[in-house]
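Participant: First the structure, which I've put down as structure tokens, then a few questions once you've had a look.
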Amino acid sequence: MNNNNYGILVVDDEKIVRESLYKWFLEDGYRVDTAENAAEALRKLQSATFDIAFVDIKMPGMDGLELQRHLKEIDKSLTVVIITAFASVDSAVRALKDGAYDYVTKPIDPDELTHIVNNIINQKKLLTENIQLREKIDELTQFDEIVGESSQIKKVFELISTVAKTDTTVLIRGESGTGKELVARAIHAHSSRKYFPIIPVNCGAINDNLLESELFGHEKGAFTGAQYRRKGKFEMADGGSIFFDEIGCVSERLQVDLLRVLEAKQFTRVGGEQVINVDVRVICATNRDIELAVKEGKFREDLYYRLNVFTIFLPPLRERKSDIPQLANHFMKKFSQVMNKPVTQIDPEAMDVLVRYDWPGNIRELANAVERAMVVGKPPQIRKEDLPFQLININGIKPASDSIEEIEKIHILKILNQYNWNISKSAEVLDIDRATLYNKINKFNLKNR
Amino acid sequence: MFVEILGARNFEKLDVGLLCIEVKSAFNLEVSFRKAVMDFGATFDANRLQYNSTQILHLLLNSGKIQNDSKAIILTDLDLFVPILTYVFGEAELNGRAAIASSHRLHNEYYGLPKNEPLLQTRTTKEIIHELGHTFGLIHCKDYMCVMHSSTYVEDIDLKKASLCISCKDKLEILDGNRLK
Ligand SMILES: [Zn+2]
Ligand SMILES: [Zn+2]
């Protein structure tokens, strides 16, 4: 997979062009050589193999067009890219007809240069390494960031394996904190797209106008202050995957745009006319009842069907409690590395508290609890006292009787502790108004800590 | 071995103290900052309205500003190019002593977005670490989270971290083992 297995030959009569490109490709890790004229280029191609030749169209003696034909005679698999000044684009087009892969105009946009070379290399890789690649993906069956052995999580592993190999759109569903992004990343990492990035987009975090330009990019002058072309997330994900978190939050206007991109695999930048083609795999996640949103007319039905091709449900942590010890140990090891703190054990009593708690914030809440415990605690153990107090309180309190009133009291205290006595939030969760909550606190004589 | 960051033009918005700390933690060696007065006039291209970064590197190498046993990187806000490319964020002497990084195209305002100073600081830090990585002989890295990943757009810079990935760290140790031990 290493770039230095690939060779690039730069043919240009201008020394400064040769030097700049030489350095550029060297930093990219390619094996690179230069030639200042056609004769030298032909000589070099006869003594070494190259995969790509960048050939200046205007050179004294044999010009780029003719050189291209001779190069191809020596090595049919050589890919030729023509370098041209604006004035000679016409002849560059002629070169394309003669079998050149593409042409670039001087000065070259660095992104365009990178893009062309990557495309060529990837095509070559696909040809030669198709079989190897497939074997490698099969090899990678463990999902090191997703932890657990419960039947529920094993089912998730199975689904990831199945869908990763395809290009199917995936919808990941589950409460917040269940690790939807990790699953998206696992799918990407086990697909043939793994050498390209997975670009996350949090649809809930940005406003509509900004999201549009985030997704599709914009042209210079598209709106006040847009002084320069900007690449959108779809373009950045080209060849890879795009991950829409909280897809249920997307506005109706953007739903239309998204649908169009998903169907046509192409779009234009904001304020632009040039049609841009992308090869992107879409993975989405939501914690909302998206079917309800469809019913209420807030989410387009056609988009829903397009996204909901393959669904993975992530169980909440309370439904796979048997995974809690393994998860807790996983986070302990991870944080002990990051913090450089030799914590190696979770005390059985502390573990008991972790397993019994309900984890409304799911894995994220568990990770936070372990992290906090490692900050306040003393190595090498995490003890019960190091855990956030609301966990201990909830597990420590048992209703004195089975009366409705006693259970109500314990439940209210549990929620209050859970939300750090944030009255508004607790009232919302309990589905009562704040005044009622204050009355109950007084009635039951509840106290913070 | 130590690294000097030479501030030349409009770096005042940046927290250079923080910058030094981050660069230091990326390479595990002493990093200091000082202001440098340099005349880049000769490297200006009047047609392109940009500065030739390759020529600036030569200027720096011949200026006597690089101390013995050190590497130096110019931090500036000039719009840079190398002759065949439309622009560059920076340039370095591969496996050498001189580098340059520019914040010109790292500002959010340049792309029509609201000013964001912390983001500018992070982008600049990543760009400086990236170019210095080249002076230590590191080439571009496939890992798009690694600071040595090749970035042609600011958005690519935002994707990566301000640190070397494990494999680049290993390479750095092999390239420069004695110094790090
Ligand atoms: Zn670089
Ligand atoms: Zn790396």
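We label chains A, B, ... in the order they appear in the structure tokens, count residues from 1 in each chain, and number ligands from 1 in the order shown.
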Around ligand 2, out to 6 Å and counting only C-alpha atoms and all ligand atoms, which residues are there? I want them as a count of residues only.
Facilitator: 8
Participant: Please return as a compact mmCIF listing (two decimals) with all heavy atoms, in the first residue's frame the residues found within 7 Å of ligand 1, counting only C-alpha atoms and all ligand atoms.
Facilitator:
```
# COMPACT_ATOMS: atom_id res chain seq x y z
N GLU A 27 7.45 14.42 -0.96
CA GLU A 27 6.81 14.54 0.34
C GLU A 27 5.58 13.64 0.45
O GLU A 27 5.18 13.25 1.53
CB GLU A 27 6.40 16.00 0.61
CG GLU A 27 7.60 16.86 0.98
CD GLU A 27 7.25 18.32 1.21
OE1 GLU A 27 6.06 18.69 1.10
OE2 GLU A 27 8.17 19.10 1.51
N HIS B 130 3.40 20.26 11.13
CA HIS B 130 3.50 19.53 9.86
C HIS B 130 4.80 19.88 9.13
O HIS B 130 5.57 19.00 8.74
CB HIS B 130 2.29 19.88 8.98
CG HIS B 130 2.30 19.20 7.64
ND1 HIS B 130 1.56 18.07 7.38
CD2 HIS B 130 2.95 19.49 6.49
CE1 HIS B 130 1.77 17.70 6.14
NE2 HIS B 130 2.61 18.54 5.56
N GLU B 131 5.07 21.17 8.96
CA GLU B 131 6.27 21.58 8.22
C GLU B 131 7.53 21.16 8.97
O GLU B 131 8.50 20.71 8.35
CB GLU B 131 6.27 23.09 7.94
CG GLU B 131 5.11 23.59 7.08
CD GLU B 131 4.97 22.87 5.72
OE1 GLU B 131 5.94 22.23 5.26
OE2 GLU B 131 3.87 22.92 5.15
N HIS B 134 8.46 17.67 8.29
CA HIS B 134 9.23 17.49 7.05
C HIS B 134 10.72 17.74 7.30
O HIS B 134 11.57 17.04 6.77
CB HIS B 134 8.74 18.45 5.97
CG HIS B 134 7.45 18.02 5.33
ND1 HIS B 134 7.19 16.72 4.95
CD2 HIS B 134 6.34 18.74 4.98
CE1 HIS B 134 5.97 16.65 4.41
NE2 HIS B 134 5.43 17.86 4.41
N ILE B 139 7.62 12.18 5.77
CA ILE B 139 6.83 12.47 4.57
C ILE B 139 5.35 12.37 4.91
O ILE B 139 4.99 12.11 6.05
CB ILE B 139 7.21 11.55 3.40
CG1 ILE B 139 7.01 10.10 3.81
CG2 ILE B 139 8.62 11.82 2.93
CD1 ILE B 139 7.09 9.14 2.64
N HIS B 140 4.49 12.56 3.93
CA HIS B 140 3.06 12.58 4.21
C HIS B 140 2.55 11.22 4.66
O HIS B 140 3.03 10.18 4.22
CB HIS B 140 2.28 13.07 2.99
CG HIS B 140 2.49 14.53 2.77
ND1 HIS B 140 2.42 15.12 1.54
CD2 HIS B 140 2.79 15.52 3.64
CE1 HIS B 140 2.66 16.42 1.67
NE2 HIS B 140 2.90 16.67 2.93
N MET B 148 0.80 14.74 9.90
CA MET B 148 1.61 14.66 8.67
C MET B 148 0.77 14.30 7.44
O MET B 148 1.30 14.13 6.35
CB MET B 148 2.76 13.66 8.83
CG MET B 148 3.88 14.12 9.74
SD MET B 148 4.39 15.83 9.48
CE MET B 148 5.16 15.73 7.86
N SER B 150 -1.33 15.01 4.27
CA SER B 150 -1.24 16.15 3.35
C SER B 150 -2.57 16.89 3.32
O SER B 150 -3.62 16.30 3.12
CB SER B 150 -0.91 15.61 1.97
OG SER B 150 -1.21 16.59 1.01
```
Participant: Check the DSSP output for the backbone and give back, as number ranges by chain, the residues of range 18-178 of chain B in strand (DSSP E).
Facilitator: B: 30-35, 44-45, 50-52, 70-76, 80-81, 90-92, 98-102
Participant: Store the residues picked out above, limited to N, CA and C atoms, as a JSON list (two decimals), in the first residue's frame.
Facilitator:
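Contents of again18.json, as written:
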```json
[["chain", "number", "residue", "atom", "x", "y", "z"],
["B", 30, "GLU", "N", 13.17, 21.12, 22.90],
["B", 30, "GLU", "CA", 13.00, 22.52, 23.30],
["B", 30, "GLU", "C", 12.52, 23.38, 22.13],
["B", 31, "VAL", "N", 11.53, 24.23, 22.39],
["B", 31, "VAL", "CA", 11.00, 25.11, 21.36],
["B", 31, "VAL", "C", 10.93, 26.52, 21.92],
["B", 32, "SER", "N", 11.45, 27.48, 21.15],
["B", 32, "SER", "CA", 11.32, 28.86, 21.62],
["B", 32, "SER", "C", 10.83, 29.73, 20.47],
["B", 33, "PHE", "N", 10.34, 30.90, 20.86],
["B", 33, "PHE", "CA", 9.79, 31.82, 19.89],
["B", 33, "PHE", "C", 10.56, 33.12, 19.96],
["B", 34, "ARG", "N", 10.88, 33.70, 18.79],
["B", 34, "ARG", "CA", 11.36, 35.07, 18.83],
["B", 34, "ARG", "C", 10.91, 35.82, 17.58],
["B", 35, "LYS", "N", 10.85, 37.12, 17.76],
["B", 35, "LYS", "CA", 10.44, 37.97, 16.66],
["B", 35, "LYS", "C", 11.63, 38.12, 15.71],
["B", 44, "PHE", "N", 8.55, 38.60, -3.66],
["B", 44, "PHE", "CA", 7.18, 38.92, -4.06],
["B", 44, "PHE", "C", 7.01, 38.79, -5.57],
["B", 45, "ASP", "N", 5.94, 38.13, -6.00],
["B", 45, "ASP", "CA", 5.65, 38.00, -7.43],
["B", 45, "ASP", "C", 4.51, 38.96, -7.76],
["B", 50, "GLN", "N", 1.65, 37.18, -4.72],
["B", 50, "GLN", "CA", 1.97, 36.20, -3.68],
["B", 50, "GLN", "C", 3.48, 36.16, -3.48],
["B", 51, "TYR", "N", 3.89, 35.52, -2.39],
["B", 51, "TYR", "CA", 5.31, 35.40, -2.10],
["B", 51, "TYR", "C", 5.79, 33.98, -2.38],
["B", 52, "ASN", "N", 6.97, 33.88, -2.97],
["B", 52, "ASN", "CA", 7.54, 32.60, -3.35],
["B", 52, "ASN", "C", 8.18, 31.93, -2.12],
["B", 70, "SER", "N", 20.11, 23.70, 15.49],
["B", 70, "SER", "CA", 18.69, 24.00, 15.60],
["B", 70, "SER", "C", 18.01, 24.00, 14.24],
["B", 71, "LYS", "N", 16.70, 23.98, 14.30],
["B", 71, "LYS", "CA", 15.88, 24.16, 13.10],
["B", 71, "LYS", "C", 15.06, 25.42, 13.30],
["B", 72, "ALA", "N", 14.75, 26.11, 12.21],
["B", 72, "ALA", "CA", 13.96, 27.34, 12.35],
["B", 72, "ALA", "C", 12.79, 27.31, 11.40],
["B", 73, "ILE", "N", 11.65, 27.80, 11.89],
["B", 73, "ILE", "CA", 10.48, 27.91, 11.04],
["B", 73, "ILE", "C", 9.93, 29.34, 11.13],
["B", 74, "ILE", "N", 9.73, 29.94, 9.97],
["B", 74, "ILE", "CA", 9.16, 31.29, 9.93],
["B", 74, "ILE", "C", 7.64, 31.18, 10.05],
["B", 75, "LEU", "N", 7.08, 32.01, 10.93],
["B", 75, "LEU", "CA", 5.62, 32.10, 11.03],
["B", 75, "LEU", "C", 5.21, 33.46, 10.49],
["B", 76, "THR", "N", 4.39, 33.46, 9.46],
["B", 76, "THR", "CA", 4.03, 34.72, 8.83],
["B", 76, "THR", "C", 2.56, 34.69, 8.42],
["B", 80, "LEU", "N", 1.46, 32.51, 0.28],
["B", 80, "LEU", "CA", 2.64, 31.83, -0.27],
["B", 80, "LEU", "C", 2.31, 30.97, -1.49],
["B", 81, "PHE", "N", 3.30, 30.82, -2.36],
["B", 81, "PHE", "CA", 3.14, 29.89, -3.48],
["B", 81, "PHE", "C", 4.47, 29.23, -3.78],
["B", 90, "GLY", "N", 2.46, 26.26, 3.48],
["B", 90, "GLY", "CA", 3.80, 26.34, 4.03],
["B", 90, "GLY", "C", 4.74, 25.50, 3.20],
["B", 91, "GLU", "N", 6.00, 25.55, 3.55],
["B", 91, "GLU", "CA", 6.97, 24.72, 2.84],
["B", 91, "GLU", "C", 8.12, 24.41, 3.78],
["B", 92, "ALA", "N", 8.78, 23.29, 3.53],
["B", 92, "ALA", "CA", 9.90, 22.94, 4.39],
["B", 92, "ALA", "C", 11.01, 22.33, 3.57],
["B", 98, "ALA", "N", 15.27, 24.42, 7.56],
["B", 98, "ALA", "CA", 14.44, 25.61, 7.41],
["B", 98, "ALA", "C", 13.02, 25.26, 6.97],
["B", 99, "ALA", "N", 12.06, 26.03, 7.48],
["B", 99, "ALA", "CA", 10.67, 25.83, 7.08],
["B", 99, "ALA", "C", 9.93, 27.15, 7.20],
["B", 100, "ILE", "N", 8.77, 27.20, 6.58],
["B", 100, "ILE", "CA", 7.92, 28.39, 6.71],
["B", 100, "ILE", "C", 6.46, 27.93, 6.77],
["B", 101, "ALA", "N", 5.67, 28.65, 7.56],
["B", 101, "ALA", "CA", 4.24, 28.37, 7.63],
["B", 101, "ALA", "C", 3.51, 29.70, 7.61],
["B", 102, "SER", "N", 2.40, 29.75, 6.89],
["B", 102, "SER", "CA", 1.65, 31.00, 6.82],
["B", 102, "SER", "C", 0.22, 30.82, 7.32]]
```
Participant: Contacts from chain B to chain A, 8 Å maximum, only C-alpha atoms: show me the residue list as a list of chain:residue names.
Facilitator: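 Interface list for chain B against chain A: B:Val82, B:Pro83, B:Ile84, B:Leu85, B:Thr86, B:Tyr87, B:Val88, B:Leu94, B:Glu109, B:Tyr110, B:Tyr111, B:Gly112, B:Leu113, B:His134, B:Leu138, B:Ile139, B:His140, B:Cys141, B:Lys142, B:Tyr144, B:Ser150, B:Thr152, B:Tyr153, B:Glu155, B:Asp156.
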Participant: Limited to N, CA and C atoms, could you put the picked residues into a file as a PDB file, in the first residue's frame?
Facilitator:
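What follows is the written file again.pdb:
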```
ATOM      1  N   VAL B  82       4.412  28.079  -4.442  1.00  0.00           N
ATOM      2  CA  VAL B  82       5.596  27.568  -5.115  1.00  0.00           C
ATOM      3  C   VAL B  82       5.247  27.637  -6.602  1.00  0.00           C
ATOM      4  N   PRO B  83       6.236  27.831  -7.463  1.00  0.00           N
ATOM      5  CA  PRO B  83       5.951  28.223  -8.845  1.00  0.00           C
ATOM      6  C   PRO B  83       4.884  27.405  -9.579  1.00  0.00           C
ATOM      7  N   ILE B  84       4.836  26.103  -9.405  1.00  0.00           N
ATOM      8  CA  ILE B  84       3.886  25.331 -10.200  1.00  0.00           C
ATOM      9  C   ILE B  84       2.497  25.276  -9.568  1.00  0.00           C
ATOM     10  N   LEU B  85       2.389  25.641  -8.273  1.00  0.00           N
ATOM     11  CA  LEU B  85       1.111  25.509  -7.573  1.00  0.00           C
ATOM     12  C   LEU B  85       0.452  26.867  -7.304  1.00  0.00           C
ATOM     13  N   THR B  86      -0.878  26.851  -7.197  1.00  0.00           N
ATOM     14  CA  THR B  86      -1.604  28.102  -6.987  1.00  0.00           C
ATOM     15  C   THR B  86      -1.329  28.698  -5.606  1.00  0.00           C
ATOM     16  N   TYR B  87      -1.124  27.839  -4.621  1.00  0.00           N
ATOM     17  CA  TYR B  87      -0.799  28.342  -3.283  1.00  0.00           C
ATOM     18  C   TYR B  87      -0.236  27.201  -2.447  1.00  0.00           C
ATOM     19  N   VAL B  88       0.408  27.518  -1.360  1.00  0.00           N
ATOM     20  CA  VAL B  88       0.758  26.523  -0.340  1.00  0.00           C
ATOM     21  C   VAL B  88       0.529  27.143   1.039  1.00  0.00           C
ATOM     22  N   LEU B  94      12.980  19.390   3.163  1.00  0.00           N
ATOM     23  CA  LEU B  94      12.837  18.008   3.610  1.00  0.00           C
ATOM     24  C   LEU B  94      14.156  17.528   4.190  1.00  0.00           C
ATOM     25  N   GLU B 109     -12.057  34.004   8.171  1.00  0.00           N
ATOM     26  CA  GLU B 109     -12.553  35.148   7.405  1.00  0.00           C
ATOM     27  C   GLU B 109     -12.185  35.010   5.926  1.00  0.00           C
ATOM     28  N   TYR B 110     -11.064  34.360   5.651  1.00  0.00           N
ATOM     29  CA  TYR B 110     -10.610  34.198   4.278  1.00  0.00           C
ATOM     30  C   TYR B 110     -11.639  33.417   3.467  1.00  0.00           C
ATOM     31  N   TYR B 111     -12.411  32.571   4.154  1.00  0.00           N
ATOM     32  CA  TYR B 111     -13.392  31.725   3.468  1.00  0.00           C
ATOM     33  C   TYR B 111     -14.818  32.227   3.677  1.00  0.00           C
ATOM     34  N   GLY B 112     -14.908  33.493   4.162  1.00  0.00           N
ATOM     35  CA  GLY B 112     -16.234  34.068   4.327  1.00  0.00           C
ATOM     36  C   GLY B 112     -16.973  33.560   5.546  1.00  0.00           C
ATOM     37  N   LEU B 113     -16.217  33.050   6.512  1.00  0.00           N
ATOM     38  CA  LEU B 113     -16.871  32.536   7.707  1.00  0.00           C
ATOM     39  C   LEU B 113     -16.530  33.438   8.889  1.00  0.00           C
ATOM     40  N   HIS B 134       8.457  17.669   8.292  1.00  0.00           N
ATOM     41  CA  HIS B 134       9.230  17.488   7.055  1.00  0.00           C
ATOM     42  C   HIS B 134      10.721  17.740   7.304  1.00  0.00           C
ATOM     43  N   LEU B 138      10.184  13.473   7.859  1.00  0.00           N
ATOM     44  CA  LEU B 138       8.905  12.765   7.726  1.00  0.00           C
ATOM     45  C   LEU B 138       8.223  13.159   6.417  1.00  0.00           C
ATOM     46  N   ILE B 139       7.620  12.179   5.766  1.00  0.00           N
ATOM     47  CA  ILE B 139       6.835  12.474   4.571  1.00  0.00           C
ATOM     48  C   ILE B 139       5.349  12.374   4.914  1.00  0.00           C
ATOM     49  N   HIS B 140       4.489  12.559   3.925  1.00  0.00           N
ATOM     50  CA  HIS B 140       3.058  12.578   4.208  1.00  0.00           C
ATOM     51  C   HIS B 140       2.548  11.219   4.660  1.00  0.00           C
ATOM     52  N   CYS B 141       1.539  11.284   5.522  1.00  0.00           N
ATOM     53  CA  CYS B 141       1.031  10.084   6.176  1.00  0.00           C
ATOM     54  C   CYS B 141      -0.373   9.792   5.661  1.00  0.00           C
ATOM     55  N   LYS B 142      -0.678   8.505   5.504  1.00  0.00           N
ATOM     56  CA  LYS B 142      -1.996   8.088   5.003  1.00  0.00           C
ATOM     57  C   LYS B 142      -3.107   8.362   6.020  1.00  0.00           C
ATOM     58  N   TYR B 144      -5.524  10.117   8.017  1.00  0.00           N
ATOM     59  CA  TYR B 144      -6.010  11.492   7.866  1.00  0.00           C
ATOM     60  C   TYR B 144      -6.161  12.217   9.186  1.00  0.00           C
ATOM     61  N   SER B 150      -1.331  15.013   4.267  1.00  0.00           N
ATOM     62  CA  SER B 150      -1.240  16.148   3.352  1.00  0.00           C
ATOM     63  C   SER B 150      -2.574  16.893   3.322  1.00  0.00           C
ATOM     64  N   THR B 152      -4.676  20.024   1.583  1.00  0.00           N
ATOM     65  CA  THR B 152      -4.691  21.067   0.573  1.00  0.00           C
ATOM     66  C   THR B 152      -5.818  22.063   0.832  1.00  0.00           C
ATOM     67  N   TYR B 153      -6.714  21.720   1.765  1.00  0.00           N
ATOM     68  CA  TYR B 153      -7.798  22.628   2.151  1.00  0.00           C
ATOM     69  C   TYR B 153      -7.784  22.780   3.674  1.00  0.00           C
ATOM     70  N   GLU B 155     -10.215  22.609   5.542  1.00  0.00           N
ATOM     71  CA  GLU B 155     -11.100  21.598   6.118  1.00  0.00           C
ATOM     72  C   GLU B 155     -10.337  20.304   6.393  1.00  0.00           C
ATOM     73  N   ASP B 156      -9.344  20.015   5.534  1.00  0.00           N
ATOM     74  CA  ASP B 156      -8.527  18.830   5.782  1.00  0.00           C
ATOM     75  C   ASP B 156      -7.672  19.026   7.034  1.00  0.00           C
TER      76      ASP B 156
END
```
Participant: Give me the residues near range 37-52 of chain A as a PyMOL selection string, where near means some atom within 10 Å (using only C-alpha atoms) and where sequence neighbours in that chain fewer than 6 positions away do not count.
Facilitator: chain A and resi 5-14+31+59-64+66-68+70-71+74-75+77-81+101+117+120-121+124
Participant: Any chance you can output those residues with N, CA, C and O atoms as a short mmCIF file (atom, residue, chain, number, x, y, z; two decimals), in the first residue's frame?
Facilitator:
```cif
data_model
loop_
_atom_site.label_atom_id
_atom_site.label_comp_id
_atom_site.auth_asym_id
_atom_site.auth_seq_id
_atom_site.Cartn_x
_atom_site.Cartn_y
_atom_site.Cartn_z
N ASN A 5 5.92 2.47 -3.60
CA ASN A 5 5.86 1.42 -4.61
C ASN A 5 5.47 2.01 -5.96
O ASN A 5 5.54 1.34 -6.97
N TYR A 6 5.00 3.26 -5.94
CA TYR A 6 4.55 3.88 -7.17
C TYR A 6 5.56 4.93 -7.64
O TYR A 6 6.09 5.68 -6.84
N GLY A 7 5.79 4.94 -8.95
CA GLY A 7 6.78 5.86 -9.49
C GLY A 7 6.13 6.95 -10.34
O GLY A 7 5.20 6.69 -11.10
N ILE A 8 6.63 8.16 -10.19
CA ILE A 8 6.13 9.28 -10.99
C ILE A 8 7.30 9.91 -11.74
O ILE A 8 8.35 10.16 -11.15
N LEU A 9 7.09 10.16 -13.03
CA LEU A 9 8.10 10.82 -13.83
C LEU A 9 7.58 12.20 -14.24
O LEU A 9 6.47 12.31 -14.75
N VAL A 10 8.37 13.23 -13.95
CA VAL A 10 7.98 14.59 -14.30
C VAL A 10 8.81 15.05 -15.50
O VAL A 10 10.04 15.06 -15.42
N VAL A 11 8.13 15.38 -16.59
CA VAL A 11 8.86 15.82 -17.79
C VAL A 11 8.49 17.27 -18.10
O VAL A 11 7.35 17.58 -18.44
N ASP A 12 9.46 18.15 -17.93
CA ASP A 12 9.21 19.58 -18.18
C ASP A 12 10.55 20.25 -18.46
O ASP A 12 11.55 19.92 -17.83
N ASP A 13 10.56 21.19 -19.40
CA ASP A 13 11.84 21.83 -19.70
C ASP A 13 12.17 22.92 -18.68
O ASP A 13 13.32 23.34 -18.58
N GLU A 14 11.19 23.36 -17.91
CA GLU A 14 11.46 24.39 -16.90
C GLU A 14 11.98 23.74 -15.62
O GLU A 14 11.28 22.93 -14.99
N ARG A 31 8.12 7.46 -5.38
CA ARG A 31 9.42 7.37 -6.01
C ARG A 31 9.31 8.30 -7.21
O ARG A 31 8.42 8.16 -8.03
N MET A 59 7.37 21.76 -25.20
CA MET A 59 8.79 21.59 -24.94
C MET A 59 9.54 21.73 -26.25
O MET A 59 9.02 21.35 -27.30
N PRO A 60 10.76 22.27 -26.21
CA PRO A 60 11.54 22.34 -27.44
C PRO A 60 11.84 20.91 -27.92
O PRO A 60 11.98 20.00 -27.12
N GLY A 61 11.91 20.72 -29.22
CA GLY A 61 12.10 19.37 -29.76
C GLY A 61 10.77 18.65 -29.81
O GLY A 61 9.76 19.22 -30.23
N MET A 62 10.75 17.42 -29.33
CA MET A 62 9.51 16.65 -29.34
C MET A 62 8.54 17.21 -28.30
O MET A 62 8.90 17.36 -27.14
N ASP A 63 7.31 17.57 -28.70
CA ASP A 63 6.39 18.15 -27.73
C ASP A 63 5.65 17.05 -26.94
O ASP A 63 5.83 15.86 -27.20
N GLY A 64 4.85 17.49 -25.98
CA GLY A 64 4.20 16.56 -25.06
C GLY A 64 3.29 15.55 -25.75
O GLY A 64 3.22 14.39 -25.36
N GLU A 66 3.46 14.30 -28.78
CA GLU A 66 4.20 13.24 -29.45
C GLU A 66 4.88 12.32 -28.42
O GLU A 66 4.87 11.10 -28.57
N LEU A 67 5.43 12.96 -27.40
CA LEU A 67 6.10 12.18 -26.36
C LEU A 67 5.13 11.17 -25.74
O LEU A 67 5.48 10.02 -25.49
N GLN A 68 3.90 11.64 -25.50
CA GLN A 68 2.90 10.76 -24.91
C GLN A 68 2.75 9.47 -25.71
O GLN A 68 2.70 8.38 -25.15
N HIS A 70 4.90 8.06 -27.71
CA HIS A 70 6.09 7.21 -27.59
C HIS A 70 6.17 6.52 -26.22
O HIS A 70 6.56 5.37 -26.12
N LEU A 71 5.80 7.27 -25.18
CA LEU A 71 5.82 6.69 -23.84
C LEU A 71 4.90 5.49 -23.76
O LEU A 71 5.23 4.44 -23.22
N ILE A 74 6.19 2.32 -25.17
CA ILE A 74 7.12 1.59 -24.31
C ILE A 74 6.35 0.88 -23.18
O ILE A 74 6.60 -0.26 -22.86
N ASP A 75 5.42 1.61 -22.57
CA ASP A 75 4.68 1.03 -21.44
C ASP A 75 3.20 1.38 -21.55
O ASP A 75 2.80 2.50 -21.25
N SER A 77 0.76 0.53 -19.71
CA SER A 77 0.05 0.78 -18.45
C SER A 77 0.42 2.13 -17.82
O SER A 77 -0.13 2.50 -16.78
N LEU A 78 1.34 2.85 -18.45
CA LEU A 78 1.71 4.17 -17.92
C LEU A 78 0.55 5.16 -18.09
O LEU A 78 -0.06 5.24 -19.15
N THR A 79 0.25 5.90 -17.00
CA THR A 79 -0.80 6.91 -17.08
C THR A 79 -0.18 8.27 -17.30
O THR A 79 0.71 8.67 -16.54
N VAL A 80 -0.62 8.96 -18.35
CA VAL A 80 -0.01 10.25 -18.67
C VAL A 80 -0.95 11.40 -18.30
O VAL A 80 -2.13 11.37 -18.64
N VAL A 81 -0.41 12.39 -17.59
CA VAL A 81 -1.16 13.61 -17.30
C VAL A 81 -0.42 14.76 -17.97
O VAL A 81 0.80 14.89 -17.82
N TYR A 101 -4.65 10.68 -19.52
CA TYR A 101 -5.64 10.46 -18.47
C TYR A 101 -6.37 11.76 -18.15
O TYR A 101 -7.58 11.79 -17.99
N VAL A 117 -3.76 12.46 -8.73
CA VAL A 117 -2.81 11.40 -8.41
C VAL A 117 -3.49 10.31 -7.58
O VAL A 117 -3.34 9.11 -7.87
N ILE A 120 -5.67 8.13 -9.83
CA ILE A 120 -4.90 7.21 -10.66
C ILE A 120 -4.39 6.04 -9.83
O ILE A 120 -4.54 4.87 -10.19
N ILE A 121 -3.80 6.37 -8.69
CA ILE A 121 -3.23 5.32 -7.84
C ILE A 121 -4.33 4.35 -7.39
O ILE A 121 -4.14 3.14 -7.38
N LYS A 124 -5.27 1.99 -10.07
CA LYS A 124 -4.22 0.98 -10.23
C LYS A 124 -4.29 -0.05 -9.10
O LYS A 124 -4.14 -1.24 -9.33
#
```
Participant: Figure out the distance between CA of Asn209 in chain A and CA of Phe310 in chain A, please, to one decimal in Å.
Facilitator: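 One can read the CA of Phe310 in chain A to CA of Asn209 in chain A distance as 29.4 Å.
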Participant: Near Thr436 in chain A, counting only C-alpha atoms, which residues have an atom at most 12 Å away, once you skip same-chain residues fewer than 3 positions from it, shown as a PyMOL selection string?
Facilitator: chain A and resi 412+423-424+426-428+430-433+439-443
Participant: Take the residues from that selection and put them in a file with C-alpha atoms, as a short mmCIF file (atom, residue, chain, number, x, y, z; two decimals), in the first residue's frame.
Facilitator:
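Below is the file that was written, part_25.cif:
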```
data_model
loop_
_atom_site.label_atom_id
_atom_site.label_comp_id
_atom_site.auth_asym_id
_atom_site.auth_seq_id
_atom_site.Cartn_x
_atom_site.Cartn_y
_atom_site.Cartn_z
CA ILE A 412 -37.84 11.74 42.79
CA ILE A 423 -34.85 21.45 39.09
CA SER A 424 -35.95 22.31 35.56
CA SER A 426 -35.61 16.93 36.79
CA ALA A 427 -39.14 18.32 36.49
CA GLU A 428 -39.00 17.76 32.75
CA LEU A 430 -40.53 13.51 35.83
CA ASP A 431 -43.09 15.20 33.60
CA ILE A 432 -44.36 17.53 36.31
CA ASP A 433 -44.02 21.31 36.57
CA ASN A 439 -43.77 20.97 46.74
CA LYS A 440 -42.71 17.32 46.66
CA ILE A 441 -39.19 18.20 47.78
CA ASN A 442 -40.65 20.02 50.77
CA LYS A 443 -43.22 17.36 51.49
#
```
Participant: CA of Lys65 in chain B and CA of Ala8 in chain B, how far apart in Å?
Facilitator: 12.4 Å
Participant: Can you check which residues of range 7-220 of chain A DSSP gives as alpha helix (DSSP H) on the backbone and send them as a PyMOL selection string?
Facilitator: chain A and resi 15-27+38-47+64-74+89-97+110-139+151-164+180-189+208-216
Participant: May I have the residues within 7 Å of range 177-193 of chain A as a list in words, using only C-alpha atoms and disregarding those fewer than 3 positions away in the same chain?
Facilitator: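 These residues fall inside the cut-off: Ile137, Leu140, Phe143, Ile146, Ile160, Ala164, Lys165, Ile172, Gly174, Phe196, Ile198, Gly239, Gly240, Ser241, Phe243, Ile283, Ala285, Leu314, Pro316, Gly361, Asn362, Ile363 and Arg364 of chain A.
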Participant: Rank A:Glu408, A:Asp257, A:Asp102, A:Glu235 by their smallest atom-to-atom distance to Glu212 in chain A, using only C-alpha atoms, and report the top residue only.
Facilitator: A:Asp257
